[in-house]
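Trainee: Below is the file start.cif, with mmCIF, C-alpha atoms.
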```cif
data_data
loop_
_atom_site.group_PDB
_atom_site.id
_atom_site.type_symbol
_atom_site.label_atom_id
_atom_site.label_comp_id
_atom_site.auth_asym_id
_atom_site.auth_seq_id
_atom_site.Cartn_x
_atom_site.Cartn_y
_atom_site.Cartn_z
ATOM 1 C CA MET A 91 114.591 187.338 70.859
ATOM 2 C CA ASP A 92 111.219 185.634 71.165
ATOM 3 C CA TYR A 93 110.333 186.871 74.662
ATOM 4 C CA LEU A 94 106.795 185.502 74.426
ATOM 5 C CA SER A 95 107.968 181.920 73.931
ATOM 6 C CA ILE A 96 110.523 182.242 76.732
ATOM 7 C CA ASN A 97 108.044 183.653 79.232
ATOM 8 C CA LYS A 98 105.263 181.286 78.155
ATOM 9 C CA GLN A 99 107.489 178.293 78.804
ATOM 10 C CA THR A 100 108.404 179.664 82.233
ATOM 11 C CA TRP A 101 104.798 180.350 83.206
ATOM 12 C CA ASN A 102 103.694 176.926 82.033
ATOM 13 C CA LYS A 103 106.324 175.479 84.361
ATOM 14 C CA ARG A 104 105.297 177.791 87.207
ATOM 15 C CA THR A 105 101.632 176.942 86.839
ATOM 16 C CA LYS A 106 102.273 173.298 87.684
ATOM 17 C CA ILE A 107 104.091 174.400 90.859
ATOM 18 C CA HIS A 108 101.578 177.093 91.831
ATOM 19 C CA ILE A 109 98.537 174.820 91.633
ATOM 20 C CA ASP A 110 99.982 172.659 94.435
ATOM 21 C CA SER A 111 101.221 175.532 96.614
ATOM 22 C CA GLN A 112 99.913 176.848 99.920
ATOM 23 C CA PHE A 113 100.510 180.321 98.504
ATOM 24 C CA TYR A 114 97.542 179.872 96.162
ATOM 25 C CA ASP A 115 95.712 177.318 98.358
ATOM 26 C CA VAL A 116 93.502 175.946 95.613
ATOM 27 C CA GLU A 117 91.743 173.500 97.944
ATOM 28 C CA SER A 118 90.411 176.328 100.112
ATOM 29 C CA PHE A 119 89.361 178.186 96.985
ATOM 30 C CA LYS A 120 87.393 175.159 95.815
ATOM 31 C CA LYS A 121 85.558 175.210 99.162
ATOM 32 C CA GLY A 122 84.506 178.829 98.646
ATOM 33 C CA LYS A 123 87.408 181.011 99.775
ATOM 34 C CA CYS A 124 87.740 184.266 97.822
ATOM 35 C CA SER A 125 91.228 184.873 96.409
ATOM 36 C CA LEU A 126 90.752 188.635 96.078
ATOM 37 C CA ASN A 127 92.254 191.139 98.505
ATOM 38 C CA LYS A 128 90.770 194.096 100.339
ATOM 39 C CA ILE A 129 92.418 196.660 98.031
ATOM 40 C CA GLU A 130 90.766 195.478 94.828
ATOM 41 C CA LEU A 131 87.472 194.521 96.469
ATOM 42 C CA GLU A 132 87.030 197.991 97.961
ATOM 43 C CA GLN A 133 88.255 199.835 94.872
ATOM 44 C CA ILE A 134 86.076 197.990 92.361
ATOM 45 C CA GLY A 135 83.014 197.449 94.515
ATOM 46 C CA ASN A 136 79.893 195.664 93.314
ATOM 47 C CA VAL A 137 80.446 193.680 90.093
ATOM 48 C CA GLU A 138 77.105 191.884 89.946
ATOM 49 C CA ARG A 139 75.781 191.614 86.371
ATOM 50 C CA LYS A 140 78.797 193.536 85.028
ATOM 51 C CA SER A 141 81.091 192.302 82.270
ATOM 52 C CA LEU A 142 84.686 192.059 83.491
ATOM 53 C CA LEU A 143 87.849 191.440 81.471
ATOM 54 C CA HIS A 144 90.770 190.108 83.524
ATOM 55 C CA LEU A 145 94.103 190.551 81.731
ATOM 56 C CA GLN A 146 97.036 188.276 82.677
ATOM 57 C CA CYS A 147 94.759 186.147 84.817
ATOM 58 C CA HIS A 148 97.225 183.272 85.529
ATOM 59 C CA PHE A 149 95.220 180.105 86.266
ATOM 60 C CA GLY A 150 92.024 181.889 87.086
ATOM 61 C CA LEU A 151 91.479 182.113 90.849
ATOM 62 C CA ASP A 152 90.829 185.860 90.852
ATOM 63 C CA SER A 153 88.779 185.634 87.660
ATOM 64 C CA LEU A 154 86.607 182.939 89.204
ATOM 65 C CA SER A 155 86.332 184.911 92.449
ATOM 66 C CA TRP A 156 84.867 187.814 90.446
ATOM 67 C CA ALA A 157 82.521 185.321 88.773
ATOM 68 C CA ARG A 158 81.372 184.107 92.182
ATOM 69 C CA LEU A 159 80.596 187.737 93.028
ATOM 70 C CA GLY A 160 78.276 187.964 90.043
ATOM 71 C CA ALA A 161 80.441 189.292 87.216
ATOM 72 C CA ASP A 162 80.393 187.999 83.639
ATOM 73 C CA VAL A 163 84.135 187.271 83.441
ATOM 74 C CA THR A 164 86.607 186.760 80.626
ATOM 75 C CA GLY A 165 90.182 185.912 81.637
ATOM 76 C CA VAL A 166 93.174 186.199 79.291
ATOM 77 C CA ASP A 167 96.649 184.759 79.830
ATOM 78 C CA LEU A 168 99.711 183.818 77.780
ATOM 79 C CA SER A 169 100.244 180.463 79.496
ATOM 80 C CA SER A 170 98.495 177.526 77.832
ATOM 81 C CA ASP A 171 98.772 175.448 81.015
ATOM 82 C CA SER A 172 97.246 178.257 83.092
ATOM 83 C CA ILE A 173 94.284 178.616 80.771
ATOM 84 C CA LYS A 174 93.795 174.856 80.572
ATOM 85 C CA TYR A 175 93.614 174.602 84.372
ATOM 86 C CA ALA A 176 91.393 177.711 84.653
ATOM 87 C CA LYS A 177 88.905 176.152 82.241
ATOM 88 C CA SER A 178 88.965 172.886 84.187
ATOM 89 C CA LEU A 179 88.412 174.664 87.493
ATOM 90 C CA ASN A 180 85.632 176.765 86.004
ATOM 91 C CA SER A 181 83.857 173.635 84.779
ATOM 92 C CA SER A 182 84.304 171.659 87.995
ATOM 93 C CA LEU A 183 82.919 174.519 90.101
ATOM 94 C CA GLY A 184 79.953 175.095 87.805
ATOM 95 C CA LEU A 185 80.894 178.690 87.053
ATOM 96 C CA LYS A 186 80.474 180.518 83.734
ATOM 97 C CA ALA A 187 83.722 182.387 83.185
ATOM 98 C CA ASN A 188 85.377 182.395 79.777
ATOM 99 C CA PHE A 189 89.144 181.929 79.391
ATOM 100 C CA ILE A 190 91.309 182.824 76.400
ATOM 101 C CA GLU A 191 94.912 181.791 75.793
ATOM 102 C CA SER A 192 96.610 184.806 74.245
ATOM 103 C CA ASP A 193 99.350 187.375 74.504
ATOM 104 C CA ILE A 194 97.404 190.465 75.539
ATOM 105 C CA PHE A 195 98.748 192.526 72.625
ATOM 106 C CA GLN A 196 97.418 189.921 70.194
ATOM 107 C CA PHE A 197 94.186 189.835 72.172
ATOM 108 C CA GLY A 198 93.987 193.617 71.900
ATOM 109 C CA HIS A 199 94.229 193.477 68.112
ATOM 110 C CA GLU A 200 91.609 190.747 67.803
ATOM 111 C CA ASN A 201 89.121 191.664 70.526
ATOM 112 C CA THR A 202 85.896 193.402 69.503
ATOM 113 C CA LYS A 203 83.911 192.999 72.730
ATOM 114 C CA LYS A 204 83.355 195.923 75.123
ATOM 115 C CA TYR A 205 83.418 195.466 78.898
ATOM 116 C CA ASP A 206 82.177 197.380 81.925
ATOM 117 C CA ILE A 207 85.419 196.661 83.813
ATOM 118 C CA VAL A 208 88.986 195.760 82.860
ATOM 119 C CA PHE A 209 91.077 194.448 85.745
ATOM 120 C CA THR A 210 94.704 193.386 86.163
ATOM 121 C CA SER A 211 96.808 192.906 89.266
ATOM 122 C CA TYR A 212 99.992 191.973 91.140
ATOM 123 C CA GLY A 213 103.106 191.451 89.072
ATOM 124 C CA VAL A 214 101.719 191.981 85.587
ATOM 125 C CA LEU A 215 103.412 195.009 84.022
ATOM 126 C CA CYS A 216 107.009 193.784 84.148
ATOM 127 C CA TRP A 217 106.196 191.161 81.484
ATOM 128 C CA LEU A 218 105.248 193.790 78.906
ATOM 129 C CA PRO A 219 107.824 195.428 76.598
ATOM 130 C CA ASN A 220 105.727 198.560 76.133
ATOM 131 C CA LEU A 221 102.747 200.134 77.829
ATOM 132 C CA LYS A 222 101.401 201.995 74.802
ATOM 133 C CA ASP A 223 99.870 198.853 73.295
ATOM 134 C CA TRP A 224 98.802 197.688 76.765
ATOM 135 C CA ALA A 225 96.883 200.906 77.460
ATOM 136 C CA GLU A 226 95.325 200.930 74.005
ATOM 137 C CA THR A 227 94.166 197.327 74.522
ATOM 138 C CA ILE A 228 92.444 198.421 77.719
ATOM 139 C CA ALA A 229 90.844 201.522 76.192
ATOM 140 C CA LYS A 230 89.577 199.578 73.177
ATOM 141 C CA ALA A 231 88.026 196.919 75.425
ATOM 142 C CA LEU A 232 86.099 199.361 77.629
ATOM 143 C CA LYS A 233 82.598 200.654 77.101
ATOM 144 C CA VAL A 234 82.126 204.399 77.375
ATOM 145 C CA GLY A 235 81.947 204.990 81.123
ATOM 146 C CA GLY A 236 83.739 201.703 81.755
ATOM 147 C CA GLU A 237 86.376 201.400 84.462
ATOM 148 C CA PHE A 238 89.951 200.160 84.415
ATOM 149 C CA HIS A 239 91.424 198.904 87.692
ATOM 150 C CA LEU A 240 95.106 198.158 88.247
ATOM 151 C CA VAL A 241 96.584 196.890 91.521
ATOM 152 C CA GLU A 242 100.319 196.422 91.124
ATOM 153 C CA PHE A 243 103.530 195.908 93.050
ATOM 154 C CA HIS A 244 105.299 199.234 93.447
ATOM 155 C CA THR A 245 108.428 199.625 91.339
ATOM 156 C CA PHE A 246 110.161 201.509 94.151
ATOM 157 C CA ASN A 247 110.722 198.160 95.849
ATOM 158 C CA ASP A 248 112.271 196.843 92.625
ATOM 159 C CA LEU A 249 114.719 199.740 92.719
ATOM 160 C CA LEU A 250 115.846 198.735 96.216
ATOM 161 C CA SER A 251 116.380 195.221 94.846
ATOM 162 C CA GLY A 252 118.752 196.497 92.187
ATOM 163 C CA TYR A 253 116.486 196.935 89.181
ATOM 164 C CA SER A 254 115.968 200.097 87.173
ATOM 165 C CA TYR A 255 113.030 202.250 88.221
ATOM 166 C CA PHE A 256 112.793 203.773 84.753
ATOM 167 C CA SER A 257 112.212 201.944 81.488
ATOM 168 C CA LYS A 258 115.261 200.911 79.453
ATOM 169 C CA ASP A 259 115.843 199.996 75.816
ATOM 170 C CA ASN A 260 116.824 196.442 76.723
ATOM 171 C CA PRO A 261 114.968 194.035 79.039
ATOM 172 C CA ASP A 262 116.347 192.224 82.048
ATOM 173 C CA ILE A 263 117.055 188.603 81.135
ATOM 174 C CA GLU A 264 117.587 186.328 84.130
ATOM 175 C CA GLU A 265 117.369 182.805 85.464
ATOM 176 C CA GLU A 266 114.884 182.822 88.327
ATOM 177 C CA GLY A 267 112.859 180.443 90.467
ATOM 178 C CA THR A 268 109.234 181.045 91.324
ATOM 179 C CA TYR A 269 107.898 182.794 94.431
ATOM 180 C CA THR A 270 105.779 180.100 96.068
ATOM 181 C CA GLU A 271 106.896 178.193 99.146
ATOM 182 C CA ASN A 272 106.995 174.868 97.289
ATOM 183 C CA CYS A 273 109.515 175.982 94.663
ATOM 184 C CA ASP A 274 111.817 173.031 93.934
ATOM 185 C CA GLY A 275 114.860 175.275 93.512
ATOM 186 C CA SER A 276 114.981 175.003 89.740
ATOM 187 C CA LYS A 277 115.291 178.185 87.693
ATOM 188 C CA SER A 278 113.859 179.275 84.368
ATOM 189 C CA GLU A 279 114.727 182.085 82.009
ATOM 190 C CA ILE A 280 112.544 185.180 82.229
ATOM 191 C CA VAL A 281 112.445 188.386 80.206
ATOM 192 C CA THR A 282 111.108 191.477 82.011
ATOM 193 C CA TRP A 283 110.934 195.249 81.639
ATOM 194 C CA SER A 284 110.868 198.133 84.129
ATOM 195 C CA HIS A 285 108.041 200.668 84.032
ATOM 196 C CA SER A 286 107.884 203.736 86.266
ATOM 197 C CA VAL A 287 104.603 204.811 87.809
ATOM 198 C CA SER A 288 104.570 207.952 85.647
ATOM 199 C CA GLU A 289 104.920 205.782 82.521
ATOM 200 C CA VAL A 290 101.914 203.718 83.617
ATOM 201 C CA ILE A 291 99.749 206.761 84.286
ATOM 202 C CA ASN A 292 100.748 208.612 81.135
ATOM 203 C CA SER A 293 100.168 205.582 78.915
ATOM 204 C CA LEU A 294 96.588 205.366 80.186
ATOM 205 C CA ILE A 295 96.007 209.092 79.689
ATOM 206 C CA LYS A 296 97.402 208.978 76.139
ATOM 207 C CA ALA A 297 95.085 206.062 75.359
ATOM 208 C CA GLY A 298 92.125 208.287 76.228
ATOM 209 C CA LEU A 299 91.393 207.252 79.817
ATOM 210 C CA SER A 300 90.805 209.678 82.669
ATOM 211 C CA ILE A 301 92.562 208.917 85.959
ATOM 212 C CA TYR A 302 89.994 208.809 88.738
ATOM 213 C CA SER A 303 92.254 207.748 91.624
ATOM 214 C CA PHE A 304 95.834 206.771 92.415
ATOM 215 C CA ASN A 305 96.802 205.234 95.761
ATOM 216 C CA GLU A 306 99.977 203.827 97.322
ATOM 217 C CA TYR A 307 100.186 201.269 100.131
ATOM 218 C CA PRO A 308 103.004 200.321 102.555
ATOM 219 C CA PHE A 309 101.630 196.807 103.047
ATOM 220 C CA SER A 310 101.441 193.861 100.660
ATOM 221 C CA PRO A 311 98.948 191.010 101.036
ATOM 222 C CA TYR A 312 101.663 188.640 99.810
ATOM 223 C CA ASN A 313 104.922 187.551 101.387
ATOM 224 C CA CYS A 314 106.819 187.360 98.107
ATOM 225 C CA PHE A 315 109.856 189.657 98.523
ATOM 226 C CA GLU A 316 112.973 189.512 100.643
ATOM 227 C CA ASN A 317 113.088 191.047 104.143
ATOM 228 C CA MET A 318 109.332 191.286 104.585
ATOM 229 C CA GLU A 319 107.842 191.633 108.064
ATOM 230 C CA PHE A 320 104.300 190.610 108.968
ATOM 231 C CA VAL A 321 102.140 193.200 110.742
ATOM 232 C CA GLU A 322 98.936 191.923 112.315
ATOM 233 C CA ASP A 323 95.761 192.996 110.472
ATOM 234 C CA LYS A 324 97.861 194.885 107.895
ATOM 235 C CA GLY A 325 99.933 192.486 105.813
ATOM 236 C CA TYR A 326 103.635 192.467 104.987
ATOM 237 C CA GLN A 327 105.926 195.485 105.035
ATOM 238 C CA VAL A 328 109.516 196.288 104.089
ATOM 239 C CA LEU A 329 111.515 198.872 106.033
ATOM 240 C CA TYR A 330 114.356 200.881 104.543
ATOM 241 C CA LYS A 331 116.402 202.783 107.146
ATOM 242 C CA GLY A 332 113.477 202.367 109.500
ATOM 243 C CA GLN A 333 110.888 203.763 107.080
ATOM 244 C CA GLN A 334 108.130 201.954 105.239
ATOM 245 C CA VAL A 335 108.644 201.220 101.549
ATOM 246 C CA PRO A 336 105.684 201.641 99.165
ATOM 247 C CA LEU A 337 104.848 198.081 98.116
ATOM 248 C CA ILE A 338 101.543 198.368 96.246
ATOM 249 C CA TYR A 339 99.861 201.034 94.165
ATOM 250 C CA SER A 340 96.429 201.121 92.574
ATOM 251 C CA ILE A 341 94.886 203.091 89.736
ATOM 252 C CA LYS A 342 91.283 203.564 88.743
ATOM 253 C CA ALA A 343 90.701 205.071 85.300
ATOM 254 C CA ILE A 344 87.502 205.734 83.354
ATOM 255 C CA LYS A 345 86.796 205.810 79.630
ATOM 256 C CA LYS A 346 84.934 209.005 78.832
#
```
Re-express the file's structure as structure tokens.
Mentor:
Amino acid sequence: MDYLSINKQTWNKRTKIHIDSQFYDVESFKKGKCSLNKIELEQIGNVERKSLLHLQCHFGLDSLSWARLGADVTGVDLSSDSIKYAKSLNSSLGLKANFIESDIFQFGHENTKKYDIVFTSYGVLCWLPNLKDWAETIAKALKVGGEFHLVEFHTFNDLLSGYSYFSKDNPDIEEEGTYTENCDGSKSEIVTWSHSVSEVINSLIKAGLSIYSFNEYPFSPYNCFENMEFVEDKGYQVLYKGQQVPLIYSIKAIKK
């Protein structure tokens, strides 16, 4: 099964929908709105004059937000349509980010540049069949003393939705629509994998990174799951038997 071709086709289709969505609100971004959230802004801090590699960057809003904050940014994504639009947006806004169309495992084998920061966020790990190569790609790309930052949807919520919490030999293969409000109802095939939090942490440790912090959050900045409730000044939550479900987790790791 060629999972890369299947998922690339789906993300090319999604990109066209996402660009016109209120969820991403590209017009506000063009006028100066930052697409980054409080979690990653506070965790990463000042990026001015730092080199930053953004893995699985979609069509570049977060990458370009980091560039606006002074980082020297390189964004990598599988989707050719995403990278094409990211490059166009970068040019039209007069920014200096670099965008590369690539599967991140291929990128990891070919990349020779070292970065101060590697960043990836929100719905990225489920598209990867293994985390060993992912973590090694990150470790190889970091300078000594460089930082890796992950902000990801918590897999506990996936468990409540009927998916495996732990990794399995075979992926989940489904027909699914996209998550933005302007989805036309059409569905595309996707191939995804489950990864527990312990698998994520251990893959980074085995790749030679030291875990500096691990945090969990009961609120999501995005209304992209079923049964979410908005809480003023907090974000969206999901309750299970009256108790908050962990929706986001973040990891900071350092290359020694």
Trainee: So, counting only C-alpha atoms, which residue among A:Ser310, A:Asn220, A:Asn102, A:Ser257 is closest to A:Asp323?
Mentor: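 For A:Asp323, the nearest of the candidates is A:Ser310.
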Trainee: Env of A:Asp92: 12 Å cut, atoms = all atoms listed in the file, seq-sep filter 3 positions within chain, self excluded. Answer as number ranges by chain.
Mentor: A: 95-99, 219, 263, 279-281
Trainee: In terms of the shortest atom-to-atom distance over all atoms listed in the file, which of A:Ser211, A:Thr270, A:Ser286, A:Gln133 is closest to A:Glu237?
Mentor: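 Looking only at the distances to A:Glu237, the closest residue turns out to be A:Gln133.
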Trainee: Around (115.4, 198.0, 93.3), as given in the file, which residues come within 12 Å? Count all atoms listed in the file and list them as a PyMOL selection string.
Mentor: chain A and resi 244-256+284+286+315-316+330+335-337
Trainee: Determine, counting all atoms listed in the file, which protein, DNA and RNA residues have an atom within 12 Å of an atom of A:Glu132; residues of the same chain fewer than 6 positions away are not included. Present the result as number ranges by chain.
Mentor: A: 126, 239, 241, 340, 342
Trainee: Between atom CA of A:Lys346 and atom CA of A:Ile194, measure the distance and give it in Å to one decimal.
Mentor: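 Result for atom CA of A:Lys346 versus atom CA of A:Ile194: 22.6 Å, one decimal.
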Trainee: For a cut-off of 8 Å around (104.7, 171.4, 92.7), file coordinates, pick out all residues using all atoms listed in the file and list them as a list in words.
Mentor: Lys106, Ile107, His108, Ile109, Asp110, Ser111, Asn272, Cys273 and Asp274 of chain A
Trainee: So which residues get picked by the PyMOL selection byres ((chain A and resi 140) around 12) here, written as a PDB file with C-alpha atoms, in the frame of the given file?
Mentor:
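Listing of part.pdb after writing:
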```pdb
ATOM      1  CA  ILE A 134      86.076 197.990  92.361  1.00  0.00           C
ATOM      2  CA  GLY A 135      83.014 197.449  94.515  1.00  0.00           C
ATOM      3  CA  ASN A 136      79.893 195.664  93.314  1.00  0.00           C
ATOM      4  CA  VAL A 137      80.446 193.680  90.093  1.00  0.00           C
ATOM      5  CA  GLU A 138      77.105 191.884  89.946  1.00  0.00           C
ATOM      6  CA  ARG A 139      75.781 191.614  86.371  1.00  0.00           C
ATOM      7  CA  SER A 141      81.091 192.302  82.270  1.00  0.00           C
ATOM      8  CA  LEU A 142      84.686 192.059  83.491  1.00  0.00           C
ATOM      9  CA  LEU A 143      87.849 191.440  81.471  1.00  0.00           C
ATOM     10  CA  TRP A 156      84.867 187.814  90.446  1.00  0.00           C
ATOM     11  CA  ALA A 157      82.521 185.321  88.773  1.00  0.00           C
ATOM     12  CA  LEU A 159      80.596 187.737  93.028  1.00  0.00           C
ATOM     13  CA  GLY A 160      78.276 187.964  90.043  1.00  0.00           C
ATOM     14  CA  ALA A 161      80.441 189.292  87.216  1.00  0.00           C
ATOM     15  CA  ASP A 162      80.393 187.999  83.639  1.00  0.00           C
ATOM     16  CA  VAL A 163      84.135 187.271  83.441  1.00  0.00           C
ATOM     17  CA  THR A 164      86.607 186.760  80.626  1.00  0.00           C
ATOM     18  CA  LYS A 204      83.355 195.923  75.123  1.00  0.00           C
ATOM     19  CA  TYR A 205      83.418 195.466  78.898  1.00  0.00           C
ATOM     20  CA  ASP A 206      82.177 197.380  81.925  1.00  0.00           C
ATOM     21  CA  ILE A 207      85.419 196.661  83.813  1.00  0.00           C
ATOM     22  CA  VAL A 208      88.986 195.760  82.860  1.00  0.00           C
ATOM     23  CA  LEU A 232      86.099 199.361  77.629  1.00  0.00           C
ATOM     24  CA  LYS A 233      82.598 200.654  77.101  1.00  0.00           C
ATOM     25  CA  GLY A 236      83.739 201.703  81.755  1.00  0.00           C
ATOM     26  CA  GLU A 237      86.376 201.400  84.462  1.00  0.00           C
TER      27      GLU A 237
END
```
Trainee: So the first atom is atom CA of A:Asp193 and the second is atom CA of A:Asp167; what is the distance between them in Å, to one decimal place?
Mentor: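 Distance between the two atoms: 6.5 Å.
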Trainee: Using all atoms listed in the file, which protein or nucleic acid residues come within 9 Å of A:Leu183? Drop anything in the same chain fewer than 4 positions from it, and give the result as a list in words.
Mentor: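 Contacts, with the query itself left out: Lys120, Ser178 and Leu179 of chain A.
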Trainee: Give the answer as one residue: which of A:Phe238, A:Thr202, A:Tyr212, A:Ser155 has the shortest atom-to-atom distance to A:Ala187, using all atoms listed in the file?
Mentor: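 The shortest atom-to-atom distance to A:Ala187 comes from A:Ser155.
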Trainee: Which centre and which edge lengths, in Å to one decimal, describe the axis-aligned box that holds all listed atoms of stretch 114-117 of chain A after 6 Å is added on each side, as JSON?
Mentor:
```
{"center_x": 94.6, "center_y": 176.7, "center_z": 97.0, "size_x": 17.8, "size_y": 18.4, "size_z": 14.7}
```
Trainee: Which one is closest to A:Ser293: A:Lys277, A:Thr227, A:Leu329, A:Val234? Count only C-alpha atoms.
Mentor: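 Smallest distance to A:Ser293 is found for A:Thr227.
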Trainee: With distances taken over all atoms listed in the file, which residue among A:Phe189, A:Tyr307, A:Tyr175, A:Tyr326 lies nearest A:Glu242?
Mentor: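 Under the stated criterion, the closest residue is A:Tyr307.
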Trainee: Between atom CA of A:Ile341 and atom CA of A:Ser303, measure the distance and give it in Å to one decimal.
Mentor: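 Distance reported for this atom pair: 5.7 Å.
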Trainee: For this structure, which residues satisfy the selection - the PyMOL selection byres ((chain A and resi 119) around 12) - when it is evaluated on the file as given? I want them as a count of residues only.
Mentor: 25
Trainee: Out of A:Tyr93, A:Pro261, A:Val321, A:Trp224, which residue has the shortest atom-to-atom distance to A:Ile291 when counting only C-alpha atoms?
Mentor: A:Trp224
Trainee: Write out as a ChimeraX atom specification the residues lying within 6 Å of A:Thr282, counting only C-alpha atoms and excluding same-chain residues fewer than 3 positions away.
Mentor: /A:216-217,261-262
Trainee: Would you mind putting back N, CA and C atoms on stretch 308-323 of chain A, then writing it out as a CSV table (one decimal), keeping the file's coordinate frame?
Mentor:
```csv
chain,number,residue,atom,x,y,z
A,308,PRO,N,101.8,200.8,102.0
A,308,PRO,CA,103.0,200.3,102.6
A,308,PRO,C,102.9,198.8,102.9
A,309,PHE,N,101.8,198.2,102.7
A,309,PHE,CA,101.6,196.8,103.0
A,309,PHE,C,101.2,196.0,101.8
A,310,SER,N,101.8,194.8,101.7
A,310,SER,CA,101.4,193.9,100.7
A,310,SER,C,100.6,192.7,101.3
A,311,PRO,N,99.7,192.2,100.5
A,311,PRO,CA,98.9,191.0,101.0
A,311,PRO,C,99.8,189.7,100.9
A,312,TYR,N,100.9,189.8,100.1
A,312,TYR,CA,101.7,188.6,99.8
A,312,TYR,C,103.1,188.7,100.4
A,313,ASN,N,103.5,187.6,100.9
A,313,ASN,CA,104.9,187.6,101.4
A,313,ASN,C,105.8,187.0,100.3
A,314,CYS,N,106.2,187.9,99.3
A,314,CYS,CA,106.8,187.4,98.1
A,314,CYS,C,108.1,188.1,97.8
A,315,PHE,N,108.6,189.0,98.7
A,315,PHE,CA,109.9,189.7,98.5
A,315,PHE,C,110.8,189.4,99.7
A,316,GLU,N,112.0,189.7,99.6
A,316,GLU,CA,113.0,189.5,100.6
A,316,GLU,C,112.7,190.5,101.8
A,317,ASN,N,113.1,190.1,103.0
A,317,ASN,CA,113.1,191.0,104.1
A,317,ASN,C,111.7,191.6,104.5
A,318,MET,N,110.7,190.8,104.2
A,318,MET,CA,109.3,191.3,104.6
A,318,MET,C,109.0,190.9,106.0
A,319,GLU,N,108.3,191.8,106.7
A,319,GLU,CA,107.8,191.6,108.1
A,319,GLU,C,106.3,191.6,108.1
A,320,PHE,N,105.7,190.7,108.9
A,320,PHE,CA,104.3,190.6,109.0
A,320,PHE,C,103.8,191.5,110.1
A,321,VAL,N,102.8,192.3,109.8
A,321,VAL,CA,102.1,193.2,110.7
A,321,VAL,C,100.7,192.8,110.9
A,322,GLU,N,100.3,192.4,112.1
A,322,GLU,CA,98.9,191.9,112.3
A,322,GLU,C,97.9,192.9,111.8
A,323,ASP,N,96.9,192.3,111.0
A,323,ASP,CA,95.8,193.0,110.5
A,323,ASP,C,96.2,194.0,109.4
```
